Structures are given as structure tokens and as C-alpha cells.
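Below is one structure; the comments refer to it alone.
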Amino acid sequence: MAVDAADAAQIRGALVRLRRTTGLPVAFGGLVESGRRQVRISELSGTATTALSALAVTAGNGLGGRAVALSRPCAVTDYSVSRQISHEYDLPVAAEGLRSVLAVPVVVRRRVRGVLYGALRTAQPLGDRTLGAAVAAARDAEQALVLRDEAGELLAAAAPAAGAADGAAWERVREAHAALRALAPRITDPAQRDELLRACGLLAAGDGPVPGPRPAPREVDVLACVAAGATNGEVAERLGVSAETVKSYLRSAMRKVGARTRTEAVASARRSGWLP
């Protein structure tokens, strides 16, 4: 079954961080398949064989399945003889030569979305520091997936309204646009951030560019929040900056579009195509 390429990329990046921060030589993982209680191992890092590739791990079975079922990290010192887990996957684990293994679930909105594994080829305890670093890598992946989910939900909510002509529908588009602009700086992956900003551009379809300098991206963020009815304090909270910084961005944007008031600045930005 195909997996979401962007979600898989988050798992891949998390495995790189896991190896770097834990020092474990082997890491692998995958996503929970849609509509199923199983994880498909799709990402390998540091492996010597393809024994684990595409392995389907059922919830409750093996180490990773136990982590899925319990929604918490699990670890064993010697996989093949551990009495803490079932042993459906001993053959591929042995083929890769793994002994000490940890598994950390990636949990988004109380639902397990994937599992990260880290492993040694020797049987020795994996200490709290190693497990903590692996958990931190999973938390990074969780945050990235949350942001992607939020962006998708906002775009889905805005799409039907964008085709409607009534004022209430356009207000929903503007609210979604402002939320997406505020969300974009929190996305660390440059390609995904650019994709989100391009989507914002599709929501903002004006009559064409107006003469004069273009507001900076953060100034457009502020104008988008103002257009959605936010006060300076609310804008500051959404964007994670101070109220004084918001005022500075707003003054600069007003100067660039030749506006004397917030309302004029928003109207000009809409005519330019910078805001919906």
C-alpha cells in the first residue's frame, strides 16, 4: 500500500536525527497504514541488508507492534530471547544481525502514525539517555506531522469557500489564509514551507500588482491577520512576536502600500493580490 511521500520524508528525517543523537548505528521505521493496525517499514538507515524493508508489523506483535499497542516507547536488550515481546519477526531481525532494539511510536493527536526503531548489533542495555534522545526525535516528527495536518485542514476548509461569492464565505477564506501564513514559519522543511506559501498565493487572487514596493513576507503575515479581524495583540500571539514588532511591521507595510490606516492597507493588499 502506498504511503504519503511527505509523511514518509518526516520519518526519514527523524531516523537521521535518531542515529545522530543516540549514536545507534542502525535505524528504521515506517508509517501506520491507513485503515489498518499495522506499520509498514519503509525507511532504512544504516542497515546492511533489505531484510526489514516493506515488513508489515501488526499492532501488538514484536517490539514495534507492542509500542503501537501501548502508545509508548519499548526496548529489549536481546531481541531474539526477550520474553517481553512476541517473536513473529525474529527472522528478518536476525538476518539484519540486530540484538538490542528500541521502538518509539510517533503519536499525533492521540493516534499512532508511525514507529521509529534504533538498534545495536550487540546485546547491551540501552540507557535512559539513548531512549530519551530517540523519543525527542519522534517528538520532532510528531510536530512536523501536526503542522502538515493543520495546513491540510485549513486548505480543505478554504477551498469550498474560495468558489463562493458571499461575504461570509470570503471571510472564511481570509481566516484560513491568515492561519496558513502564521503556520508557515513554524514548518522547518523549506520545500514544504514553500509549498504552503504557494497555496496561500492561490487563495489570494487580486486584480494585479499595484505600483510601489512589495511588503516583506512577515509584513504580509501581519496584514493577513489584520484582514481576518485580529488585534495587534492577537497578531503578536499568532505569529510569536511582540506587539511592538507587529506595530513595526504594520507601519512598514502601510508605508509601502501608501495607506494611512490599517483598513486602507488591507484593501490595498487585496487589490494587489497579496491577500484574498
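Just remember, in the C-alpha cells the first chain shown is A, the second B, etc., residues are 1-based per chain, and ligands are 1-based in the order shown.
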
For the structure I just gave you, how does DSSP split region 42-197 of chain A - specifically, which residues are alpha helix (DSSP H)? Reply as an NGL selection string. :A and (62-70 or 90-96 or 128-162 or 167-183 or 190-197)

As an NGL selection string, please: the residues near region 175-189 of chain A (cut-off 7 Å, only C-alpha atoms, same-chain neighbours under 4 positions excluded). :A and (144 or 147 or 151 or 154 or 158 or 171 or 193 or 196-197 or 200 or 203 or 221 or 224-225 or 228 or 238-239)

What does the file look like for those residues with C-alpha atoms, as a short mmCIF file (atom, residue, chain, number, x, y, z; two decimals), in the first residue's frame?
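The result, written out as out31.cif:
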data_model
loop_
_atom_site.label_atom_id
_atom_site.label_comp_id
_atom_site.auth_asym_id
_atom_site.auth_seq_id
_atom_site.Cartn_x
_atom_site.Cartn_y
_atom_site.Cartn_z
CA ALA A 144 6.01 18.24 11.77
CA LEU A 147 1.74 21.17 11.20
CA ALA A 151 -2.21 23.13 6.93
CA LEU A 154 -7.09 24.86 6.61
CA ALA A 158 -10.83 27.32 2.45
CA GLU A 171 -14.28 35.71 5.45
CA ARG A 193 7.10 25.68 3.68
CA LEU A 196 2.34 26.01 1.78
CA LEU A 197 3.12 29.60 0.82
CA CYS A 200 -1.54 30.80 0.24
CA LEU A 203 -6.11 31.84 -2.09
CA ASP A 221 1.63 37.80 7.54
CA ALA A 224 -3.35 38.72 6.69
CA CYS A 225 -4.07 38.54 10.42
CA ALA A 228 -9.08 38.41 9.49
CA ARG A 238 -0.39 34.09 16.42
CA LEU A 239 2.98 34.99 14.94
#

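Counting only C-alpha atoms, the residue from A:Lys256, A:Arg198, A:Arg218, A:Arg19 that sits nearest to Leu120 (chain A) is A:Arg19.
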
Could you name the residues that touch region 126-138 of chain A at 10 Å or less, counting only C-alpha atoms, but leaving out those on the same chain fewer than 2 positions away, as a PyMOL selection string? chain A and resi 10-11+13-24+72-77+100-107+114-120+123-124+140-144

Give me the residues within 7 Å of region 243-255 of chain A as a VMD selection string, counting only C-alpha atoms and dropping any in the same chain fewer than 3 places off. chain A and resid 215 219 222 232 to 233 236 258 to 260 265

File of the preceding selection, all heavy atoms, as a compact mmCIF listing (two decimals), in the first residue's frame:
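Okay, this is what ended up in part.txt:
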# COMPACT_ATOMS: atom_id res chain seq x y z
N PRO A 215 5.33 44.49 0.09
CA PRO A 215 5.57 44.21 1.50
C PRO A 215 6.40 42.93 1.68
O PRO A 215 6.29 41.99 0.89
CB PRO A 215 4.16 44.01 2.08
CG PRO A 215 3.26 44.75 1.14
CD PRO A 215 3.88 44.58 -0.21
N GLU A 219 5.48 41.10 6.77
CA GLU A 219 4.50 42.18 6.72
C GLU A 219 3.18 41.68 6.13
O GLU A 219 2.10 42.08 6.59
CB GLU A 219 5.06 43.35 5.91
CG GLU A 219 6.25 44.02 6.58
CD GLU A 219 7.02 44.95 5.67
OE1 GLU A 219 6.64 45.07 4.47
OE2 GLU A 219 8.00 45.56 6.13
N VAL A 222 1.34 39.83 8.83
CA VAL A 222 0.63 40.74 9.74
C VAL A 222 -0.64 41.25 9.08
O VAL A 222 -1.72 41.27 9.70
CB VAL A 222 1.54 41.92 10.15
CG1 VAL A 222 0.75 43.00 10.87
CG2 VAL A 222 2.68 41.42 11.04
N ASN A 232 -3.72 43.89 17.33
CA ASN A 232 -2.27 43.79 17.36
C ASN A 232 -1.80 42.73 18.35
O ASN A 232 -0.86 41.97 18.08
CB ASN A 232 -1.64 45.13 17.71
CG ASN A 232 -1.67 46.10 16.54
OD1 ASN A 232 -2.13 45.76 15.45
ND2 ASN A 232 -1.18 47.31 16.75
N GLY A 233 -2.46 42.66 19.50
CA GLY A 233 -2.09 41.66 20.50
C GLY A 233 -2.34 40.25 20.00
O GLY A 233 -1.53 39.35 20.23
N ALA A 236 0.28 39.35 17.44
CA ALA A 236 1.53 39.02 18.10
C ALA A 236 1.52 37.59 18.62
O ALA A 236 2.50 36.84 18.47
CB ALA A 236 1.79 40.00 19.25
N GLY A 258 1.12 52.80 0.67
CA GLY A 258 0.58 54.15 0.64
C GLY A 258 -0.71 54.30 1.41
O GLY A 258 -1.59 55.08 1.00
N ALA A 259 -0.83 53.59 2.51
CA ALA A 259 -2.07 53.62 3.30
C ALA A 259 -1.86 54.42 4.58
O ALA A 259 -0.77 54.44 5.15
CB ALA A 259 -2.51 52.20 3.64
N ARG A 260 -2.94 55.07 5.05
CA ARG A 260 -2.88 55.83 6.30
C ARG A 260 -3.47 55.06 7.47
O ARG A 260 -3.22 55.39 8.62
CB ARG A 260 -3.62 57.16 6.13
CG ARG A 260 -2.96 58.12 5.12
CD ARG A 260 -3.86 59.31 4.86
NE ARG A 260 -5.11 58.88 4.20
CZ ARG A 260 -6.13 59.69 3.93
NH1 ARG A 260 -6.06 60.97 4.27
NH2 ARG A 260 -7.21 59.23 3.32
N ALA A 265 -4.67 49.73 4.31
CA ALA A 265 -3.57 48.82 3.99
C ALA A 265 -4.10 47.46 3.56
O ALA A 265 -3.61 46.87 2.58
CB ALA A 265 -2.65 48.67 5.20
